[in-house]
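Novice: Below is the file target.pdb, with PDB, C-alpha atoms.
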ATOM      1  CA  LEU A  15      13.662   9.039   7.945  1.00  0.00           C
ATOM      2  CA  GLY A  16      10.473   7.324   6.830  1.00  0.00           C
ATOM      3  CA  ASP A  17       8.574  10.607   7.054  1.00  0.00           C
ATOM      4  CA  GLY A  18       6.101  10.223   4.223  1.00  0.00           C
ATOM      5  CA  VAL A  19       3.464   8.078   2.544  1.00  0.00           C
ATOM      6  CA  PHE A  20       3.273   6.192  -0.724  1.00  0.00           C
ATOM      7  CA  GLU A  21       0.837   4.466  -3.045  1.00  0.00           C
ATOM      8  CA  THR A  22       1.470   1.821  -5.695  1.00  0.00           C
ATOM      9  CA  VAL A  23      -1.145   1.966  -8.435  1.00  0.00           C
ATOM     10  CA  LEU A  24      -1.848  -0.506 -11.240  1.00  0.00           C
ATOM     11  CA  LEU A  25      -2.071   1.032 -14.718  1.00  0.00           C
ATOM     12  CA  VAL A  26      -4.111  -0.615 -17.464  1.00  0.00           C
ATOM     13  CA  ASP A  27      -3.504   0.857 -20.919  1.00  0.00           C
ATOM     14  CA  GLY A  28      -1.950   3.882 -19.297  1.00  0.00           C
ATOM     15  CA  ARG A  29      -4.873   4.625 -16.985  1.00  0.00           C
ATOM     16  CA  PRO A  30      -4.619   4.266 -13.174  1.00  0.00           C
ATOM     17  CA  ALA A  31      -6.960   1.700 -11.616  1.00  0.00           C
ATOM     18  CA  PHE A  32      -8.947   2.498  -8.455  1.00  0.00           C
ATOM     19  CA  PHE A  33      -7.175   5.869  -8.403  1.00  0.00           C
ATOM     20  CA  SER A  34      -9.719   7.711  -6.244  1.00  0.00           C
ATOM     21  CA  ALA A  35      -9.359   5.097  -3.490  1.00  0.00           C
ATOM     22  CA  HIS A  36      -5.570   5.362  -3.614  1.00  0.00           C
ATOM     23  CA  ILE A  37      -5.694   9.163  -3.423  1.00  0.00           C
ATOM     24  CA  ARG A  38      -8.159   9.068  -0.501  1.00  0.00           C
ATOM     25  CA  ARG A  39      -5.774   6.808   1.399  1.00  0.00           C
ATOM     26  CA  MET A  40      -2.761   8.977   0.551  1.00  0.00           C
ATOM     27  CA  ARG A  41      -4.567  12.114   1.731  1.00  0.00           C
ATOM     28  CA  ALA A  42      -5.648  10.410   4.966  1.00  0.00           C
ATOM     29  CA  GLY A  43      -2.142   9.080   5.595  1.00  0.00           C
ATOM     30  CA  ALA A  44      -0.574  12.480   4.952  1.00  0.00           C
ATOM     31  CA  ALA A  45      -3.069  14.107   7.322  1.00  0.00           C
ATOM     32  CA  ALA A  46      -2.344  11.501  10.007  1.00  0.00           C
ATOM     33  CA  LEU A  47       1.371  12.302   9.733  1.00  0.00           C
ATOM     34  CA  GLY A  48       0.697  16.040   9.720  1.00  0.00           C
ATOM     35  CA  ILE A  49       2.073  16.542   6.206  1.00  0.00           C
ATOM     36  CA  GLU A  50       0.536  19.697   4.801  1.00  0.00           C
ATOM     37  CA  ALA A  51       0.224  18.869   1.111  1.00  0.00           C
ATOM     38  CA  HIS A  52      -2.333  19.759  -1.545  1.00  0.00           C
ATOM     39  CA  ILE A  53      -3.079  16.542  -3.428  1.00  0.00           C
ATOM     40  CA  ASP A  54      -5.159  17.152  -6.558  1.00  0.00           C
ATOM     41  CA  GLU A  55      -6.493  13.879  -7.937  1.00  0.00           C
ATOM     42  CA  ASP A  56      -7.068  15.114 -11.492  1.00  0.00           C
ATOM     43  CA  ASP A  57      -3.602  16.683 -11.763  1.00  0.00           C
ATOM     44  CA  LEU A  58      -1.946  13.542 -10.414  1.00  0.00           C
ATOM     45  CA  ALA A  59      -3.901  11.266 -12.760  1.00  0.00           C
ATOM     46  CA  ALA A  60      -2.858  13.419 -15.711  1.00  0.00           C
ATOM     47  CA  ALA A  61       0.789  13.339 -14.598  1.00  0.00           C
ATOM     48  CA  VAL A  62       0.712   9.547 -14.170  1.00  0.00           C
ATOM     49  CA  MET A  63      -0.802   9.014 -17.634  1.00  0.00           C
ATOM     50  CA  GLU A  64       1.706  11.380 -19.244  1.00  0.00           C
ATOM     51  CA  LEU A  65       4.583   9.600 -17.527  1.00  0.00           C
ATOM     52  CA  ALA A  66       3.208   6.247 -18.727  1.00  0.00           C
ATOM     53  CA  ARG A  67       3.176   7.623 -22.267  1.00  0.00           C
ATOM     54  CA  ARG A  68       6.772   8.881 -21.995  1.00  0.00           C
ATOM     55  CA  ASN A  69       7.945   5.558 -20.522  1.00  0.00           C
ATOM     56  CA  ASP A  70       6.329   3.525 -23.309  1.00  0.00           C
ATOM     57  CA  ALA A  71       3.863   2.024 -20.837  1.00  0.00           C
ATOM     58  CA  ALA A  72       0.625   3.531 -22.151  1.00  0.00           C
ATOM     59  CA  HIS A  73      -0.489   0.379 -23.965  1.00  0.00           C
ATOM     60  CA  ALA A  74       0.499  -2.288 -21.503  1.00  0.00           C
ATOM     61  CA  LYS A  75       0.116  -3.183 -17.869  1.00  0.00           C
ATOM     62  CA  ALA A  76       2.292  -1.000 -15.693  1.00  0.00           C
ATOM     63  CA  TRP A  77       2.529   0.369 -12.183  1.00  0.00           C
ATOM     64  CA  ALA A  78       2.952   3.853 -10.803  1.00  0.00           C
ATOM     65  CA  ARG A  79       4.563   4.679  -7.488  1.00  0.00           C
ATOM     66  CA  LEU A  80       3.503   7.943  -5.826  1.00  0.00           C
ATOM     67  CA  THR A  81       5.815   8.960  -2.977  1.00  0.00           C
ATOM     68  CA  LEU A  82       4.968  11.975  -0.829  1.00  0.00           C
ATOM     69  CA  THR A  83       7.466  13.149   1.799  1.00  0.00           C
ATOM     70  CA  ARG A  84       7.353  15.975   4.291  1.00  0.00           C
ATOM     71  CA  GLY A  85      10.026  17.455   2.053  1.00  0.00           C
ATOM     72  CA  VAL A  86      12.441  20.296   2.588  1.00  0.00           C
ATOM     73  CA  GLY A  87      12.574  22.011   5.964  1.00  0.00           C
ATOM     74  CA  PRO A  88      14.740  22.868   8.958  1.00  0.00           C
ATOM     75  CA  ARG A  89      17.405  20.404  10.109  1.00  0.00           C
ATOM     76  CA  GLY A  90      16.441  18.074  12.956  1.00  0.00           C
ATOM     77  CA  LEU A  91      13.397  16.043  13.922  1.00  0.00           C
ATOM     78  CA  ALA A  92      11.092  18.863  15.000  1.00  0.00           C
ATOM     79  CA  VAL A  93       8.096  19.432  12.748  1.00  0.00           C
ATOM     80  CA  VAL A  94       7.485  23.163  12.499  1.00  0.00           C
ATOM     81  CA  LYS A  95       4.173  23.917  10.791  1.00  0.00           C
ATOM     82  CA  GLY A  96       4.474  26.075   7.704  1.00  0.00           C
ATOM     83  CA  GLU A  97       8.240  25.591   7.390  1.00  0.00           C
ATOM     84  CA  TRP A  98       8.215  22.445   5.281  1.00  0.00           C
ATOM     85  CA  THR A  99       7.719  22.100   1.515  1.00  0.00           C
ATOM     86  CA  PRO A 100       6.383  18.614   0.682  1.00  0.00           C
ATOM     87  CA  THR A 101       7.974  16.643  -2.144  1.00  0.00           C
ATOM     88  CA  LEU A 102       6.040  14.359  -4.487  1.00  0.00           C
ATOM     89  CA  LEU A 103       7.845  11.834  -6.686  1.00  0.00           C
ATOM     90  CA  ILE A 104       6.071   9.765  -9.352  1.00  0.00           C
ATOM     91  CA  THR A 105       7.649   6.812 -11.160  1.00  0.00           C
ATOM     92  CA  VAL A 106       6.078   4.531 -13.773  1.00  0.00           C
ATOM     93  CA  ASN A 107       7.355   1.160 -14.975  1.00  0.00           C
ATOM     94  CA  ARG A 108       5.969  -1.685 -17.024  1.00  0.00           C
ATOM     95  CA  TYR A 109       4.454  -4.475 -14.936  1.00  0.00           C
ATOM     96  CA  ALA A 110       5.527  -8.057 -15.508  1.00  0.00           C
ATOM     97  CA  ALA A 111       2.960 -10.348 -13.903  1.00  0.00           C
ATOM     98  CA  PRO A 112       4.497 -13.280 -12.000  1.00  0.00           C
ATOM     99  CA  LEU A 113       4.198 -16.686 -13.629  1.00  0.00           C
ATOM    100  CA  ASP A 114       1.256 -18.700 -12.340  1.00  0.00           C
ATOM    101  CA  HIS A 115       2.838 -21.625 -10.538  1.00  0.00           C
ATOM    102  CA  GLY A 116      -0.033 -22.739  -8.349  1.00  0.00           C
ATOM    103  CA  PRO A 117      -0.635 -21.971  -4.668  1.00  0.00           C
ATOM    104  CA  ALA A 118       1.801 -19.609  -2.980  1.00  0.00           C
ATOM    105  CA  LYS A 119       4.268 -21.008  -0.485  1.00  0.00           C
ATOM    106  CA  VAL A 120       4.572 -18.926   2.672  1.00  0.00           C
ATOM    107  CA  ILE A 121       6.264 -18.857   6.052  1.00  0.00           C
ATOM    108  CA  VAL A 122       5.343 -17.086   9.259  1.00  0.00           C
ATOM    109  CA  SER A 123       7.770 -14.212   9.688  1.00  0.00           C
ATOM    110  CA  LYS A 124       9.699 -13.485  12.867  1.00  0.00           C
ATOM    111  CA  HIS A 125       9.061  -9.797  12.151  1.00  0.00           C
ATOM    112  CA  CYS A 126       5.720  -8.523  13.434  1.00  0.00           C
ATOM    113  CA  ARG A 127       3.232  -5.786  12.662  1.00  0.00           C
ATOM    114  CA  ASN A 128       2.771  -3.364  15.531  1.00  0.00           C
ATOM    115  CA  GLU A 129      -0.994  -2.926  15.528  1.00  0.00           C
ATOM    116  CA  HIS A 130      -0.645  -0.047  18.009  1.00  0.00           C
ATOM    117  CA  SER A 131       1.574   2.000  15.684  1.00  0.00           C
ATOM    118  CA  LEU A 132       0.442   4.696  13.263  1.00  0.00           C
ATOM    119  CA  THR A 133       2.651   3.065  10.628  1.00  0.00           C
ATOM    120  CA  ALA A 134       0.328   0.029  10.561  1.00  0.00           C
ATOM    121  CA  ARG A 135      -2.622   2.203   9.568  1.00  0.00           C
ATOM    122  CA  TRP A 136      -1.139   3.923   6.511  1.00  0.00           C
ATOM    123  CA  LYS A 137       1.332   3.201   3.709  1.00  0.00           C
ATOM    124  CA  THR A 138       4.156   5.167   5.271  1.00  0.00           C
ATOM    125  CA  LEU A 139       7.767   5.164   4.108  1.00  0.00           C
ATOM    126  CA  ASN A 140       8.638   3.391   7.349  1.00  0.00           C
ATOM    127  CA  TYR A 141       8.204  -0.071   5.810  1.00  0.00           C
ATOM    128  CA  LEU A 142      11.274  -1.831   7.171  1.00  0.00           C
ATOM    129  CA  ASP A 143       9.441  -4.615   9.061  1.00  0.00           C
ATOM    130  CA  ASN A 144       7.654  -5.602   5.832  1.00  0.00           C
ATOM    131  CA  ILE A 145      10.880  -5.440   3.826  1.00  0.00           C
ATOM    132  CA  LEU A 146      12.632  -7.708   6.321  1.00  0.00           C
ATOM    133  CA  ALA A 147       9.687 -10.135   6.284  1.00  0.00           C
ATOM    134  CA  LYS A 148       9.797 -10.345   2.484  1.00  0.00           C
ATOM    135  CA  ASP A 149      13.562 -10.871   2.563  1.00  0.00           C
ATOM    136  CA  GLU A 150      13.060 -13.620   5.135  1.00  0.00           C
ATOM    137  CA  ALA A 151      10.683 -15.340   2.694  1.00  0.00           C
ATOM    138  CA  THR A 152      13.132 -14.944  -0.192  1.00  0.00           C
ATOM    139  CA  VAL A 153      15.978 -16.463   1.831  1.00  0.00           C
ATOM    140  CA  ALA A 154      13.673 -19.347   2.785  1.00  0.00           C
ATOM    141  CA  GLY A 155      12.869 -19.937  -0.893  1.00  0.00           C
ATOM    142  CA  VAL A 156       9.138 -19.231  -0.576  1.00  0.00           C
ATOM    143  CA  ASP A 157       6.793 -16.676  -2.099  1.00  0.00           C
ATOM    144  CA  ASP A 158       5.888 -14.545   0.895  1.00  0.00           C
ATOM    145  CA  ALA A 159       5.744 -14.250   4.656  1.00  0.00           C
ATOM    146  CA  ILE A 160       2.685 -13.993   6.885  1.00  0.00           C
ATOM    147  CA  MET A 161       3.145 -11.283   9.520  1.00  0.00           C
ATOM    148  CA  LEU A 162       1.655 -11.655  12.979  1.00  0.00           C
ATOM    149  CA  ASN A 163       0.911  -8.722  15.265  1.00  0.00           C
ATOM    150  CA  THR A 164       2.256  -8.210  18.790  1.00  0.00           C
ATOM    151  CA  ALA A 165      -0.511 -10.483  20.144  1.00  0.00           C
ATOM    152  CA  ARG A 166       0.657 -13.240  17.730  1.00  0.00           C
ATOM    153  CA  ARG A 167      -2.489 -13.013  15.618  1.00  0.00           C
ATOM    154  CA  VAL A 168      -2.428 -12.890  11.802  1.00  0.00           C
ATOM    155  CA  ALA A 169      -2.255  -9.337  10.437  1.00  0.00           C
ATOM    156  CA  CYS A 170      -1.188  -9.526   6.783  1.00  0.00           C
ATOM    157  CA  ALA A 171       1.471 -10.729   4.350  1.00  0.00           C
ATOM    158  CA  SER A 172       4.564  -8.648   3.630  1.00  0.00           C
ATOM    159  CA  ALA A 173       2.790  -6.605   0.940  1.00  0.00           C
ATOM    160  CA  ALA A 174      -0.731  -7.994   0.783  1.00  0.00           C
ATOM    161  CA  ASN A 175      -3.863  -8.556   2.777  1.00  0.00           C
ATOM    162  CA  VAL A 176      -4.819 -12.094   3.806  1.00  0.00           C
ATOM    163  CA  PHE A 177      -8.224 -13.703   3.232  1.00  0.00           C
ATOM    164  CA  LEU A 178      -9.619 -16.993   4.483  1.00  0.00           C
ATOM    165  CA  VAL A 179     -12.455 -18.409   2.373  1.00  0.00           C
ATOM    166  CA  ARG A 180     -14.639 -21.103   3.935  1.00  0.00           C
ATOM    167  CA  GLY A 181     -17.858 -21.999   2.169  1.00  0.00           C
ATOM    168  CA  GLU A 182     -19.834 -18.781   1.738  1.00  0.00           C
ATOM    169  CA  THR A 183     -17.778 -16.779   4.239  1.00  0.00           C
ATOM    170  CA  ILE A 184     -14.742 -14.570   3.615  1.00  0.00           C
ATOM    171  CA  THR A 185     -12.688 -13.575   6.651  1.00  0.00           C
ATOM    172  CA  THR A 186      -9.813 -11.112   6.757  1.00  0.00           C
ATOM    173  CA  PRO A 187      -7.946  -9.675   9.744  1.00  0.00           C
ATOM    174  CA  PRO A 188      -9.554  -6.411  10.925  1.00  0.00           C
ATOM    175  CA  LEU A 189      -7.611  -3.166  10.679  1.00  0.00           C
ATOM    176  CA  GLU A 190      -7.332  -3.101  14.470  1.00  0.00           C
ATOM    177  CA  GLU A 191      -5.103  -6.195  14.249  1.00  0.00           C
ATOM    178  CA  GLY A 192      -2.536  -4.315  12.173  1.00  0.00           C
ATOM    179  CA  ALA A 193      -3.873  -5.161   8.719  1.00  0.00           C
ATOM    180  CA  MET A 194      -3.243  -2.580   6.030  1.00  0.00           C
ATOM    181  CA  PRO A 195      -6.459  -0.864   4.865  1.00  0.00           C
ATOM    182  CA  GLY A 196      -5.883  -2.229   1.360  1.00  0.00           C
ATOM    183  CA  VAL A 197      -7.680  -0.768  -1.638  1.00  0.00           C
ATOM    184  CA  VAL A 198      -8.363  -4.228  -3.096  1.00  0.00           C
ATOM    185  CA  ARG A 199      -9.285  -5.508   0.385  1.00  0.00           C
ATOM    186  CA  ALA A 200     -12.138  -2.998   0.538  1.00  0.00           C
ATOM    187  CA  ILE A 201     -13.256  -3.871  -2.994  1.00  0.00           C
ATOM    188  CA  VAL A 202     -13.285  -7.623  -2.261  1.00  0.00           C
ATOM    189  CA  LEU A 203     -15.374  -7.117   0.879  1.00  0.00           C
ATOM    190  CA  GLU A 204     -17.790  -4.814  -0.964  1.00  0.00           C
ATOM    191  CA  GLU A 205     -18.192  -7.198  -3.905  1.00  0.00           C
ATOM    192  CA  ALA A 206     -18.689 -10.127  -1.518  1.00  0.00           C
ATOM    193  CA  LYS A 207     -21.450  -8.176   0.205  1.00  0.00           C
ATOM    194  CA  LYS A 208     -23.154  -7.467  -3.143  1.00  0.00           C
ATOM    195  CA  ALA A 209     -22.979 -11.166  -3.978  1.00  0.00           C
ATOM    196  CA  GLY A 210     -24.572 -12.103  -0.655  1.00  0.00           C
ATOM    197  CA  ILE A 211     -21.347 -13.615   0.674  1.00  0.00           C
ATOM    198  CA  GLU A 212     -20.695 -12.951   4.326  1.00  0.00           C
ATOM    199  CA  GLY A 213     -17.500 -10.967   4.799  1.00  0.00           C
ATOM    200  CA  LYS A 214     -15.782  -9.834   7.936  1.00  0.00           C
TER     201      LYS A 214
END
I'd like the structure from this file rewritten - as structure tokens, please.

Specialist:
Amino acid sequence: LGDGVFETVLLVDGRPAFFSAHIRRMRAGAAALGIEAHIDEDDLAAAVMELARRNDAAHAKAWARLTLTRGVGPRGLAVVKGEWTPTLLITVNRYAAPLDHGPAKVIVSKHCRNEHSLTARWKTLNYLDNILAKDEATVAGVDDAIMLNTARRVACASAANVFLVRGETITTPPLEEGAMPGVVRAIVLEEAKKAGIEGK
């Protein structure tokens, strides 16, 4: 029923990139949803690297998907504390980078991001609006779809943050507009700051 959170992590030579940031976001998302799960970063990193080795992805670019659900519990929608056993699923696959074919072609999706919803703040399993936006782009024969929020302002793409670069200024929609708190988004803004480039 969409009751969980996930992270998609790049692996380089079998090692997860920016793993601490991904785990921090997963923990925060789980806490926001009230999922009582112990998430040990070192144990998860070891499991991801072992799975990469078993899937012949330890010496190539790959991606890992970590999916945490509320898990097994009583039937119905009620969340009874202490009566649920969370479930964590990890998958690893080789990563085939898309061919570089120049600038991306995009459309503006008819599906919006609800900036007032908890699901806009975290990578929850309730991702249907984004899935429909991406499908809309595929049907239109373009690379991706820009998603607006309920106020018709730019929030993000179907599975990426959006940046506008003008001169020495980088602008990206704020989280309050429904943008995903992306791991790479935070890194780009931090690196821009170090380089003396204004970011907001």

Novice: Give me, as CSV, each residue of range 40-120 of chain A that comes within 9 Å of range 158-161 of chain A, together with its shortest interatomic pair and the distance in Å at one decimal, counting all atoms listed in the file, with rows ordered by chain and rising residue number.

Specialist:
residue,atom,partner,partner_atom,distance
A:Ala118,CA,A:Asp158,CA,7.6
A:Lys119,CA,A:Asp158,CA,6.8
A:Val120,CA,A:Asp158,CA,4.9

Novice: From the list A:Thr185, A:Thr152, A:Asn107, A:Ser131, which residue is nearest Val26 in chain A when using all atoms listed in the file?

Specialist: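 Comparing A:Thr185, A:Thr152, A:Asn107, A:Ser131 against Val26 in chain A, the winner is A:Asn107.
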
Novice: When distances are computed from all atoms listed in the file, which of A:Asp56, A:Glu21, A:Glu191, A:Glu205 shows the smallest separation from Ala42 in chain A?

Specialist: A:Glu21

Novice: Could you name the residues that touch Ala134 in chain A at 10 Å or less, counting only C-alpha atoms, but leaving out those on the same chain fewer than 2 positions away, as a list in words?

Specialist: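 Within the cut-off, the hits are Arg127, Asn128, Glu129, His130, Ser131, Leu132, Trp136, Lys137, Thr138, Asn140, Tyr141, Asn163, Ala169, Leu189, Glu190, Glu191, Gly192, Ala193, Met194 and Pro195 of chain A.
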
Novice: Work out how far apart CA of Asn144 in chain A and CA of Glu212 in chain A are and give it in Å to one decimal.

Specialist: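 Going from CA of Asn144 in chain A over to CA of Glu212 in chain A covers 29.3 Å.
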
Novice: Can you sort out the box for range 85-103 of chain A, edges along x, y and z, all listed atoms in, 6 Å on every side, with centre and edge lengths in Å to one decimal, as lines of an AutoDock Vina configuration file?

Specialist:
center_x = 10.8
center_y = 19.0
center_z = 4.2
size_x = 25.2
size_y = 26.2
size_z = 33.7

Novice: Quick one, how far is CA of Gly28 in chain A from CA of Val62 in chain A?

Specialist: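 These atoms are spaced 8.1 Å apart.
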
Novice: Here is a test: counting all atoms listed in the file, which residue of A:Arg38, A:Arg199, A:His115, A:Arg135 is nearest to Asn175 in chain A?

Specialist: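 Result for the nearest residue to Asn175 in chain A: A:Arg199.
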
Novice: With all atoms listed in the file as the atoms that count, which of A:Ile121, A:Leu47, A:Val198, A:Ile211 lies nearest to Val156 in chain A?

Specialist: A:Ile121

Novice: Find the spatial neighbours of range 207-210 of chain A, counting only C-alpha atoms, within a cut-off of 10 Å - ignore same-chain residues fewer than 4 positions away - and output them as number ranges by chain.

Specialist: A: 182-184, 201-203, 214

Novice: For Val94 in chain A, which residue among A:Ala147, A:Ile49, A:Ala206, A:Val122 is the nearest when counting all atoms listed in the file?

Specialist: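 That would be A:Ile49, the residue with the smallest distance to Val94 in chain A.
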
Novice: To one decimal place in Å, what is the distance between CA of Val179 in chain A and CA of Ala200 in chain A?

Specialist: 15.5 Å

Novice: When the PyMOL selection byres ((chain A and resi 15-20) around 12) is applied to the structure above, which residues does it catch, written out as a VMD selection string?

Specialist: chain A and resid 21 to 23 36 to 51 78 to 86 90 to 93 98 100 to 105 132 to 142

Novice: Output C-alpha atoms for every residue in the selection just made, as a CSV table (one decimal), keeping the file's coordinate frame.

Specialist:
chain,number,residue,atom,x,y,z
A,21,GLU,CA,0.8,4.5,-3.0
A,22,THR,CA,1.5,1.8,-5.7
A,23,VAL,CA,-1.1,2.0,-8.4
A,36,HIS,CA,-5.6,5.4,-3.6
A,37,ILE,CA,-5.7,9.2,-3.4
A,38,ARG,CA,-8.2,9.1,-0.5
A,39,ARG,CA,-5.8,6.8,1.4
A,40,MET,CA,-2.8,9.0,0.6
A,41,ARG,CA,-4.6,12.1,1.7
A,42,ALA,CA,-5.6,10.4,5.0
A,43,GLY,CA,-2.1,9.1,5.6
A,44,ALA,CA,-0.6,12.5,5.0
A,45,ALA,CA,-3.1,14.1,7.3
A,46,ALA,CA,-2.3,11.5,10.0
A,47,LEU,CA,1.4,12.3,9.7
A,48,GLY,CA,0.7,16.0,9.7
A,49,ILE,CA,2.1,16.5,6.2
A,50,GLU,CA,0.5,19.7,4.8
A,51,ALA,CA,0.2,18.9,1.1
A,78,ALA,CA,3.0,3.9,-10.8
A,79,ARG,CA,4.6,4.7,-7.5
A,80,LEU,CA,3.5,7.9,-5.8
A,81,THR,CA,5.8,9.0,-3.0
A,82,LEU,CA,5.0,12.0,-0.8
A,83,THR,CA,7.5,13.1,1.8
A,84,ARG,CA,7.4,16.0,4.3
A,85,GLY,CA,10.0,17.5,2.1
A,86,VAL,CA,12.4,20.3,2.6
A,90,GLY,CA,16.4,18.1,13.0
A,91,LEU,CA,13.4,16.0,13.9
A,92,ALA,CA,11.1,18.9,15.0
A,93,VAL,CA,8.1,19.4,12.7
A,98,TRP,CA,8.2,22.4,5.3
A,100,PRO,CA,6.4,18.6,0.7
A,101,THR,CA,8.0,16.6,-2.1
A,102,LEU,CA,6.0,14.4,-4.5
A,103,LEU,CA,7.8,11.8,-6.7
A,104,ILE,CA,6.1,9.8,-9.4
A,105,THR,CA,7.6,6.8,-11.2
A,132,LEU,CA,0.4,4.7,13.3
A,133,THR,CA,2.7,3.1,10.6
A,134,ALA,CA,0.3,0.0,10.6
A,135,ARG,CA,-2.6,2.2,9.6
A,136,TRP,CA,-1.1,3.9,6.5
A,137,LYS,CA,1.3,3.2,3.7
A,138,THR,CA,4.2,5.2,5.3
A,139,LEU,CA,7.8,5.2,4.1
A,140,ASN,CA,8.6,3.4,7.3
A,141,TYR,CA,8.2,-0.1,5.8
A,142,LEU,CA,11.3,-1.8,7.2

Novice: Hey, could you patch up range 172-188 of chain A with N, CA, C and O atoms and hand it over as an mmCIF file, in the coordinates of the input?

Specialist:
data_model
loop_
_atom_site.group_PDB
_atom_site.id
_atom_site.type_symbol
_atom_site.label_atom_id
_atom_site.label_comp_id
_atom_site.auth_asym_id
_atom_site.auth_seq_id
_atom_site.Cartn_x
_atom_site.Cartn_y
_atom_site.Cartn_z
ATOM 1 N N SER A 172 3.589 -9.736 3.671
ATOM 2 C CA SER A 172 4.564 -8.648 3.630
ATOM 3 C C SER A 172 4.063 -7.457 2.832
ATOM 4 O O SER A 172 4.353 -6.311 3.176
ATOM 5 N N ALA A 173 3.305 -7.714 1.756
ATOM 6 C CA ALA A 173 2.790 -6.605 0.940
ATOM 7 C C ALA A 173 1.393 -6.914 0.419
ATOM 8 O O ALA A 173 1.032 -6.515 -0.683
ATOM 9 N N ALA A 174 0.612 -7.631 1.227
ATOM 10 C CA ALA A 174 -0.731 -7.994 0.783
ATOM 11 C C ALA A 174 -1.615 -8.288 1.983
ATOM 12 O O ALA A 174 -1.130 -8.643 3.055
ATOM 13 N N ASN A 175 -2.905 -8.132 1.767
ATOM 14 C CA ASN A 175 -3.863 -8.556 2.777
ATOM 15 C C ASN A 175 -4.075 -10.059 2.679
ATOM 16 O O ASN A 175 -3.773 -10.677 1.652
ATOM 17 N N VAL A 176 -4.596 -10.649 3.732
ATOM 18 C CA VAL A 176 -4.819 -12.094 3.806
ATOM 19 C C VAL A 176 -6.315 -12.351 3.950
ATOM 20 O O VAL A 176 -6.989 -11.700 4.758
ATOM 21 N N PHE A 177 -6.820 -13.311 3.158
ATOM 22 C CA PHE A 177 -8.224 -13.703 3.232
ATOM 23 C C PHE A 177 -8.315 -15.199 3.481
ATOM 24 O O PHE A 177 -7.515 -15.976 2.953
ATOM 25 N N LEU A 178 -9.298 -15.585 4.269
ATOM 26 C CA LEU A 178 -9.619 -16.993 4.483
ATOM 27 C C LEU A 178 -11.029 -17.214 3.948
ATOM 28 O O LEU A 178 -11.972 -16.539 4.374
ATOM 29 N N VAL A 179 -11.153 -18.120 2.985
ATOM 30 C CA VAL A 179 -12.455 -18.409 2.373
ATOM 31 C C VAL A 179 -12.900 -19.792 2.826
ATOM 32 O O VAL A 179 -12.211 -20.793 2.584
ATOM 33 N N ARG A 180 -14.056 -19.841 3.494
ATOM 34 C CA ARG A 180 -14.639 -21.103 3.935
ATOM 35 C C ARG A 180 -16.112 -21.101 3.566
ATOM 36 O O ARG A 180 -16.885 -20.315 4.112
ATOM 37 N N GLY A 181 -16.470 -21.956 2.612
ATOM 38 C CA GLY A 181 -17.858 -21.999 2.169
ATOM 39 C C GLY A 181 -18.286 -20.657 1.598
ATOM 40 O O GLY A 181 -17.684 -20.148 0.663
ATOM 41 N N GLU A 182 -19.307 -20.065 2.198
ATOM 42 C CA GLU A 182 -19.834 -18.781 1.738
ATOM 43 C C GLU A 182 -19.393 -17.633 2.641
ATOM 44 O O GLU A 182 -20.072 -16.605 2.730
ATOM 45 N N THR A 183 -18.276 -17.809 3.321
ATOM 46 C CA THR A 183 -17.778 -16.779 4.239
ATOM 47 C C THR A 183 -16.338 -16.400 3.887
ATOM 48 O O THR A 183 -15.504 -17.274 3.646
ATOM 49 N N ILE A 184 -16.095 -15.093 3.831
ATOM 50 C CA ILE A 184 -14.742 -14.570 3.615
ATOM 51 C C ILE A 184 -14.333 -13.834 4.887
ATOM 52 O O ILE A 184 -15.056 -12.961 5.373
ATOM 53 N N THR A 185 -13.187 -14.207 5.432
ATOM 54 C CA THR A 185 -12.688 -13.575 6.651
ATOM 55 C C THR A 185 -11.326 -12.969 6.369
ATOM 56 O O THR A 185 -10.489 -13.574 5.694
ATOM 57 N N THR A 186 -11.109 -11.778 6.881
ATOM 58 C CA THR A 186 -9.813 -11.112 6.757
ATOM 59 C C THR A 186 -9.509 -10.411 8.077
ATOM 60 O O THR A 186 -10.439 -9.955 8.763
ATOM 61 N N PRO A 187 -8.249 -10.341 8.481
ATOM 62 C CA PRO A 187 -7.946 -9.675 9.744
ATOM 63 C C PRO A 187 -8.461 -8.234 9.747
ATOM 64 O O PRO A 187 -8.318 -7.520 8.754
ATOM 65 N N PRO A 188 -9.070 -7.796 10.846
ATOM 66 C CA PRO A 188 -9.554 -6.411 10.925
ATOM 67 C C PRO A 188 -8.389 -5.432 11.016
ATOM 68 O O PRO A 188 -7.272 -5.800 11.396
#
